[in-house]
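**Q** Pasting a structure here, questions to come.
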Amino acid sequence: MSEMKYVEGFVLAVPRANKQAYRDMAAKGVPLFKEFGVTRVVECWEDDVPDGKVTDFRRAVQAQEDEAVVFSWFEYPSKEVRNAVMEKMTNDPRMKEMCEPMCFDGKRMIFGGFMPILDN
């Protein structure tokens with residue numbers, strides 16, 4: 001496995017009826033993300049996401065009954081590259097075009113950057 005330098009993780013709720021639209025949008029974004037500096041994109045559709053007693057993935061993004069949880073991550077060579085990619089994503093008009101129409105509620109997406117401490 002290649003060494004991961006920096007990871008950005010995402011959790012979001014997508015209407016089950018929009019699964020293909022979400023996959024298509026994500027696939028359309030991959031060449032753009034890689035152009036910007038992302039080295040790997042992984043998108044995962046809910047398969048076994050249990051309800052927790054205190055919190056869980058579904059509650060974290062306020063997923064409704066008709067929505068599935070998507071867990072994804074981007075890998076970068078460094079935090080600096082990630083920050084540069086975020087700047088490019090914010091300013092590139094192709095990003096807006098790629099996301100229209102939006103097939104999920106982006107306000108409920110959670111994300112953050114992580115420094116790997118174990119990659120086995």
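We name chains A, B, ... following the order of the structure tokens; residues begin at 1 in each chain, and ligands are numbered from 1 as shown.
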Report the residues of segment 5-112 of chain A whose backbone DSSP state falls under helix (DSSP H, G or I), written as a ChimeraX atom specification.
**A** /A:16-36,57-60,79-91,93-98,106-108
**Q** What lies within 7 Å of Lys79 of chain A using only C-alpha atoms, ignoring chain neighbours under 3 positions off, as a VMD selection string?
**A** chain A and resid 6 82 to 83
**Q** Those same residues - all heavy atoms - I'd like them written as an mmCIF file, in the first residue's frame.
**A**
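Printed below is result_12.cif as written:
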```cif
data_model
loop_
_atom_site.group_PDB
_atom_site.id
_atom_site.type_symbol
_atom_site.label_atom_id
_atom_site.label_comp_id
_atom_site.auth_asym_id
_atom_site.auth_seq_id
_atom_site.Cartn_x
_atom_site.Cartn_y
_atom_site.Cartn_z
ATOM 1 N N TYR A 6 -1.680 12.694 3.883
ATOM 2 C CA TYR A 6 -2.756 13.485 4.452
ATOM 3 C C TYR A 6 -4.071 12.988 3.875
ATOM 4 O O TYR A 6 -4.143 12.640 2.690
ATOM 5 C CB TYR A 6 -2.568 14.978 4.142
ATOM 6 C CG TYR A 6 -3.330 15.843 5.110
ATOM 7 C CD1 TYR A 6 -2.855 16.073 6.399
ATOM 8 C CD2 TYR A 6 -4.542 16.423 4.756
ATOM 9 C CE1 TYR A 6 -3.555 16.852 7.302
ATOM 10 C CE2 TYR A 6 -5.242 17.207 5.653
ATOM 11 C CZ TYR A 6 -4.745 17.422 6.919
ATOM 12 O OH TYR A 6 -5.443 18.188 7.822
ATOM 13 N N ARG A 82 -3.181 19.597 0.212
ATOM 14 C CA ARG A 82 -4.617 19.625 0.504
ATOM 15 C C ARG A 82 -5.116 21.058 0.579
ATOM 16 O O ARG A 82 -6.160 21.400 0.028
ATOM 17 C CB ARG A 82 -4.899 18.889 1.808
ATOM 18 C CG ARG A 82 -6.380 18.842 2.190
ATOM 19 C CD ARG A 82 -6.725 19.925 3.172
ATOM 20 N NE ARG A 82 -7.987 19.649 3.837
ATOM 21 C CZ ARG A 82 -8.308 20.179 4.987
ATOM 22 N NH1 ARG A 82 -7.476 20.965 5.625
ATOM 23 N NH2 ARG A 82 -9.473 19.938 5.527
ATOM 24 N N ASN A 83 -4.385 21.923 1.263
ATOM 25 C CA ASN A 83 -4.816 23.309 1.382
ATOM 26 C C ASN A 83 -4.839 24.003 0.017
ATOM 27 O O ASN A 83 -5.753 24.772 -0.277
ATOM 28 C CB ASN A 83 -3.915 24.062 2.356
ATOM 29 C CG ASN A 83 -4.097 23.583 3.782
ATOM 30 O OD1 ASN A 83 -5.073 22.919 4.118
ATOM 31 N ND2 ASN A 83 -3.135 23.906 4.627
#
```
**Q** Identify, with DSSP run on backbone atoms, the residues in chain A assigned to strand (DSSP E or B), and express the list as a PDB file with N, CA, C and O atoms, in the first residue's frame.
**A**
```
ATOM      1  N   TYR A   6      -1.680  12.694   3.883  1.00  0.00           N
ATOM      2  CA  TYR A   6      -2.756  13.485   4.452  1.00  0.00           C
ATOM      3  C   TYR A   6      -4.071  12.988   3.875  1.00  0.00           C
ATOM      4  O   TYR A   6      -4.143  12.640   2.690  1.00  0.00           O
ATOM      5  N   VAL A   7      -5.099  12.940   4.701  1.00  0.00           N
ATOM      6  CA  VAL A   7      -6.395  12.404   4.303  1.00  0.00           C
ATOM      7  C   VAL A   7      -7.483  13.404   4.674  1.00  0.00           C
ATOM      8  O   VAL A   7      -7.442  13.993   5.760  1.00  0.00           O
ATOM      9  N   GLU A   8      -8.436  13.576   3.782  1.00  0.00           N
ATOM     10  CA  GLU A   8      -9.622  14.374   4.091  1.00  0.00           C
ATOM     11  C   GLU A   8     -10.815  13.444   3.993  1.00  0.00           C
ATOM     12  O   GLU A   8     -11.013  12.782   2.972  1.00  0.00           O
ATOM     13  N   GLY A   9     -11.584  13.368   5.079  1.00  0.00           N
ATOM     14  CA  GLY A   9     -12.724  12.471   5.127  1.00  0.00           C
ATOM     15  C   GLY A   9     -14.035  13.223   5.046  1.00  0.00           C
ATOM     16  O   GLY A   9     -14.134  14.373   5.487  1.00  0.00           O
ATOM     17  N   PHE A  10     -15.034  12.556   4.489  1.00  0.00           N
ATOM     18  CA  PHE A  10     -16.363  13.133   4.302  1.00  0.00           C
ATOM     19  C   PHE A  10     -17.429  12.118   4.710  1.00  0.00           C
ATOM     20  O   PHE A  10     -17.287  10.932   4.424  1.00  0.00           O
ATOM     21  N   VAL A  11     -18.481  12.596   5.343  1.00  0.00           N
ATOM     22  CA  VAL A  11     -19.663  11.786   5.613  1.00  0.00           C
ATOM     23  C   VAL A  11     -20.858  12.641   5.212  1.00  0.00           C
ATOM     24  O   VAL A  11     -20.954  13.812   5.606  1.00  0.00           O
ATOM     25  N   LEU A  12     -21.761  12.071   4.418  1.00  0.00           N
ATOM     26  CA  LEU A  12     -22.928  12.813   3.970  1.00  0.00           C
ATOM     27  C   LEU A  12     -24.107  11.894   3.760  1.00  0.00           C
ATOM     28  O   LEU A  12     -23.941  10.671   3.690  1.00  0.00           O
ATOM     29  N   ALA A  13     -25.290  12.472   3.693  1.00  0.00           N
ATOM     30  CA  ALA A  13     -26.522  11.729   3.442  1.00  0.00           C
ATOM     31  C   ALA A  13     -26.981  12.028   2.023  1.00  0.00           C
ATOM     32  O   ALA A  13     -27.048  13.196   1.621  1.00  0.00           O
ATOM     33  N   VAL A  14     -27.278  10.971   1.278  1.00  0.00           N
ATOM     34  CA  VAL A  14     -27.729  11.117  -0.102  1.00  0.00           C
ATOM     35  C   VAL A  14     -29.046  10.362  -0.251  1.00  0.00           C
ATOM     36  O   VAL A  14     -29.133   9.200   0.169  1.00  0.00           O
ATOM     37  N   PRO A  15     -30.064  10.991  -0.834  1.00  0.00           N
ATOM     38  CA  PRO A  15     -31.298  10.241  -1.086  1.00  0.00           C
ATOM     39  C   PRO A  15     -30.997   8.967  -1.866  1.00  0.00           C
ATOM     40  O   PRO A  15     -30.253   8.994  -2.850  1.00  0.00           O
ATOM     41  N   ARG A  40      -5.809  10.157  -4.529  1.00  0.00           N
ATOM     42  CA  ARG A  40      -6.743   9.026  -4.482  1.00  0.00           C
ATOM     43  C   ARG A  40      -8.096   9.525  -4.005  1.00  0.00           C
ATOM     44  O   ARG A  40      -8.176  10.333  -3.074  1.00  0.00           O
ATOM     45  N   VAL A  41      -9.166   9.027  -4.649  1.00  0.00           N
ATOM     46  CA  VAL A  41     -10.540   9.345  -4.266  1.00  0.00           C
ATOM     47  C   VAL A  41     -11.253   8.027  -4.019  1.00  0.00           C
ATOM     48  O   VAL A  41     -11.246   7.140  -4.877  1.00  0.00           O
ATOM     49  N   VAL A  42     -11.878   7.890  -2.844  1.00  0.00           N
ATOM     50  CA  VAL A  42     -12.650   6.694  -2.516  1.00  0.00           C
ATOM     51  C   VAL A  42     -14.046   7.135  -2.088  1.00  0.00           C
ATOM     52  O   VAL A  42     -14.181   7.983  -1.202  1.00  0.00           O
ATOM     53  N   GLU A  43     -15.071   6.583  -2.723  1.00  0.00           N
ATOM     54  CA  GLU A  43     -16.468   6.868  -2.393  1.00  0.00           C
ATOM     55  C   GLU A  43     -17.124   5.559  -1.983  1.00  0.00           C
ATOM     56  O   GLU A  43     -17.034   4.574  -2.711  1.00  0.00           O
ATOM     57  N   CYS A  44     -17.786   5.548  -0.830  1.00  0.00           N
ATOM     58  CA  CYS A  44     -18.400   4.324  -0.310  1.00  0.00           C
ATOM     59  C   CYS A  44     -19.872   4.575   0.031  1.00  0.00           C
ATOM     60  O   CYS A  44     -20.189   5.514   0.765  1.00  0.00           O
ATOM     61  N   TRP A  45     -20.752   3.720  -0.486  1.00  0.00           N
ATOM     62  CA  TRP A  45     -22.189   3.803  -0.242  1.00  0.00           C
ATOM     63  C   TRP A  45     -22.541   2.907   0.943  1.00  0.00           C
ATOM     64  O   TRP A  45     -22.053   1.780   1.043  1.00  0.00           O
ATOM     65  N   GLU A  67     -32.665   8.181   2.939  1.00  0.00           N
ATOM     66  CA  GLU A  67     -31.302   8.561   2.587  1.00  0.00           C
ATOM     67  C   GLU A  67     -30.296   7.500   3.023  1.00  0.00           C
ATOM     68  O   GLU A  67     -30.490   6.829   4.038  1.00  0.00           O
ATOM     69  N   ALA A  68     -29.235   7.386   2.273  1.00  0.00           N
ATOM     70  CA  ALA A  68     -28.124   6.495   2.603  1.00  0.00           C
ATOM     71  C   ALA A  68     -26.933   7.355   3.024  1.00  0.00           C
ATOM     72  O   ALA A  68     -26.790   8.501   2.602  1.00  0.00           O
ATOM     73  N   VAL A  69     -26.079   6.778   3.850  1.00  0.00           N
ATOM     74  CA  VAL A  69     -24.866   7.466   4.278  1.00  0.00           C
ATOM     75  C   VAL A  69     -23.751   7.150   3.288  1.00  0.00           C
ATOM     76  O   VAL A  69     -23.550   5.993   2.906  1.00  0.00           O
ATOM     77  N   VAL A  70     -23.039   8.184   2.889  1.00  0.00           N
ATOM     78  CA  VAL A  70     -21.860   8.033   2.039  1.00  0.00           C
ATOM     79  C   VAL A  70     -20.646   8.407   2.881  1.00  0.00           C
ATOM     80  O   VAL A  70     -20.654   9.416   3.582  1.00  0.00           O
ATOM     81  N   PHE A  71     -19.647   7.557   2.831  1.00  0.00           N
ATOM     82  CA  PHE A  71     -18.380   7.781   3.532  1.00  0.00           C
ATOM     83  C   PHE A  71     -17.308   7.813   2.458  1.00  0.00           C
ATOM     84  O   PHE A  71     -17.201   6.893   1.648  1.00  0.00           O
ATOM     85  N   SER A  72     -16.558   8.888   2.421  1.00  0.00           N
ATOM     86  CA  SER A  72     -15.529   8.980   1.376  1.00  0.00           C
ATOM     87  C   SER A  72     -14.295   9.677   1.911  1.00  0.00           C
ATOM     88  O   SER A  72     -14.323  10.297   2.975  1.00  0.00           O
ATOM     89  N   TRP A  73     -13.211   9.532   1.148  1.00  0.00           N
ATOM     90  CA  TRP A  73     -11.993  10.223   1.527  1.00  0.00           C
ATOM     91  C   TRP A  73     -11.138  10.505   0.310  1.00  0.00           C
ATOM     92  O   TRP A  73     -11.228   9.832  -0.703  1.00  0.00           O
ATOM     93  N   PHE A  74     -10.360  11.582   0.450  1.00  0.00           N
ATOM     94  CA  PHE A  74      -9.356  11.967  -0.540  1.00  0.00           C
ATOM     95  C   PHE A  74      -8.001  11.809   0.128  1.00  0.00           C
ATOM     96  O   PHE A  74      -7.855  12.099   1.307  1.00  0.00           O
ATOM     97  N   GLU A  75      -7.020  11.369  -0.635  1.00  0.00           N
ATOM     98  CA  GLU A  75      -5.649  11.297  -0.142  1.00  0.00           C
ATOM     99  C   GLU A  75      -4.811  12.339  -0.877  1.00  0.00           C
ATOM    100  O   GLU A  75      -5.012  12.582  -2.069  1.00  0.00           O
ATOM    101  N   TYR A  76      -3.887  12.931  -0.140  1.00  0.00           N
ATOM    102  CA  TYR A  76      -3.010  13.984  -0.649  1.00  0.00           C
ATOM    103  C   TYR A  76      -1.564  13.663  -0.279  1.00  0.00           C
ATOM    104  O   TYR A  76      -1.322  13.001   0.734  1.00  0.00           O
ATOM    105  N   ILE A 110     -20.367  16.427   6.685  1.00  0.00           N
ATOM    106  CA  ILE A 110     -19.281  16.729   7.616  1.00  0.00           C
ATOM    107  C   ILE A 110     -17.975  16.306   6.964  1.00  0.00           C
ATOM    108  O   ILE A 110     -17.937  15.366   6.172  1.00  0.00           O
ATOM    109  N   PHE A 111     -16.913  17.042   7.257  1.00  0.00           N
ATOM    110  CA  PHE A 111     -15.620  16.711   6.656  1.00  0.00           C
ATOM    111  C   PHE A 111     -14.513  17.246   7.539  1.00  0.00           C
ATOM    112  O   PHE A 111     -14.731  18.099   8.400  1.00  0.00           O
ATOM    113  N   GLY A 112     -13.329  16.735   7.330  1.00  0.00           N
ATOM    114  CA  GLY A 112     -12.173  17.208   8.051  1.00  0.00           C
ATOM    115  C   GLY A 112     -10.903  16.573   7.536  1.00  0.00           C
ATOM    116  O   GLY A 112     -10.942  15.539   6.870  1.00  0.00           O
ATOM    117  N   GLY A 113      -9.786  17.222   7.839  1.00  0.00           N
ATOM    118  CA  GLY A 113      -8.476  16.727   7.440  1.00  0.00           C
ATOM    119  C   GLY A 113      -7.840  15.933   8.574  1.00  0.00           C
ATOM    120  O   GLY A 113      -7.987  16.280   9.742  1.00  0.00           O
ATOM    121  N   PHE A 114      -7.137  14.881   8.197  1.00  0.00           N
ATOM    122  CA  PHE A 114      -6.559  13.964   9.172  1.00  0.00           C
ATOM    123  C   PHE A 114      -5.121  13.602   8.800  1.00  0.00           C
ATOM    124  O   PHE A 114      -4.824  13.355   7.624  1.00  0.00           O
TER     125      PHE A 114
END
```
**Q** Given only C-alpha atoms as the basis, pick out the residue of A:Gly106, A:Pro50, A:Gly37, A:Pro101 nearest to Pro77 of chain A.
**A**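 With only C-alpha atoms as the atom set, the closest residue is A:Gly37.
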**Q** One decimal, in Å: what's the spacing between atom CA of Cys103 of chain A and atom CA of Ala17 of chain A?
**A** 9.5 Å
**Q** Residues at most 10 Å from segment 86-99 of chain A, counting only C-alpha atoms, excluding those fewer than 5 positions away in the same chain, as a PyMOL selection string?
**A** chain A and resi 22+24-26+28-29+32-33+35-37+80-81+104
